[in-house]
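Trainee: Just passing along the structure, written as structure tokens.
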Amino acid sequence: MLEIPTDLPAELVPLSWLLGVWEGTGVIDYGDHAYTGEFTHRVSFSHDGGDYLNYSAEAWIDDPADPEKRTRLVAELGFWRLARTATDADAGPGLLPPLAPPVVRTADDIEALRNADGGFDLEVALVHADGVSELYLGQIKGPRIDIATDAVVRPAGAKAYAAATRMYGLVDNHLLWAWDIAAMGFELGAHASARLAKAD
């Protein structure tokens, strides 16, 4: 049974099923890349009272010959939030304070954000440890999320990476996800997927 924390802002209720730390394994297979196999993944979704979820994730390949040895694949940090137009009650840009008193949104306010498909538009900003930044747009509809990159920014020395889509779903109390990428000269295609269980 899904329990919604009592201190959760109304904006985060549609995302509440993501909250917690998730761990598990998945598979990688992309283009003619040399590695095809399994990896370990740990994902955390948390909140600090703001109208967004904090996100962190890391993945690695364990060495079967040496359990103490692992090859790090990716580390990501980011923020997930329902899409809405900023108002004078919101801080920013930069360090600019709000120009109006804070607004405490109700369930009815959030319900008004529901899109024509019956879900909620979503914005996800991620940065990878190698300097690549992604802005994903998409939607959350019940226990399913579909997002696609609106922008990918990468340092000059990073490997070619042009676009991505991600899908997340809650199935039998597990977080399932799939990540398709367009990278290294290949078209958008299946890249990785995993099944994660709640760790806490």
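Chains: A, B, ... in order of the structure tokens. Residues: from 1 per chain. Ligands: from 1, in order shown.
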Name the residues in contact with Thr149 (chain A) at a cut-off of 8 Å, using only C-alpha atoms, excluding same-chain residues fewer than 5 positions from it; report them as JSON, numbers by chain.

Mentor: {"A": [134, 135, 136, 137, 163, 164, 165]}

Trainee: Fewer than 5 positions away in the same chain doesn't count, so skip those; otherwise give me all residues within 10 Å of Asp7 (chain A), counting only C-alpha atoms, as a list in words.

Mentor: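 Once the nearby chain positions are removed, what remains is His47, Asp48 and Gly49 of chain A.
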
Trainee: Would you put the residues from that selection into a file with N, CA, C and O atoms, as a compact mmCIF listing (two decimals), in the first residue's frame?

Mentor:
```
# COMPACT_ATOMS: atom_id res chain seq x y z
N HIS A 47 12.71 14.42 -0.69
CA HIS A 47 12.22 15.80 -0.75
C HIS A 47 12.65 16.54 0.50
O HIS A 47 12.91 15.95 1.55
N ASP A 48 12.78 17.85 0.35
CA ASP A 48 13.23 18.69 1.46
C ASP A 48 12.24 19.82 1.75
O ASP A 48 12.60 20.84 2.31
N GLY A 49 10.99 19.62 1.34
CA GLY A 49 9.96 20.62 1.59
C GLY A 49 9.67 21.49 0.39
O GLY A 49 8.67 22.22 0.37
```

Trainee: Please identify every residue of region 101-123 of chain A that has at least one atom no farther than 8 Å from an atom of region 139-148 of chain A, counting only C-alpha atoms, and for each give the shortest atom pair and the distance in Å to one decimal, arranged by chain then increasing number, as a tab-separated table.

Mentor:
```
residue	atom	partner	partner_atom	distance
A:Gly118	CA	A:Lys141	CA	6.8
A:Gly119	CA	A:Lys141	CA	4.2
A:Phe120	CA	A:Ile140	CA	5.3
A:Asp121	CA	A:Gln139	CA	4.4
A:Leu122	CA	A:Gln139	CA	4.8
```

Trainee: Just how far from CA of Ala129 (chain A) is CA of Glu76 (chain A), in Å to one decimal?

Mentor: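 According to the coordinates, CA of Glu76 (chain A) and CA of Ala129 (chain A) are separated by 6.2 Å.
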
Trainee: What's around Leu99 (chain A) at 9 Å? Count only C-alpha atoms, leave out sequence neighbours fewer than 5 positions away in its own chain, and write the answer as a PyMOL selection string.

Mentor: chain A and resi 87-91
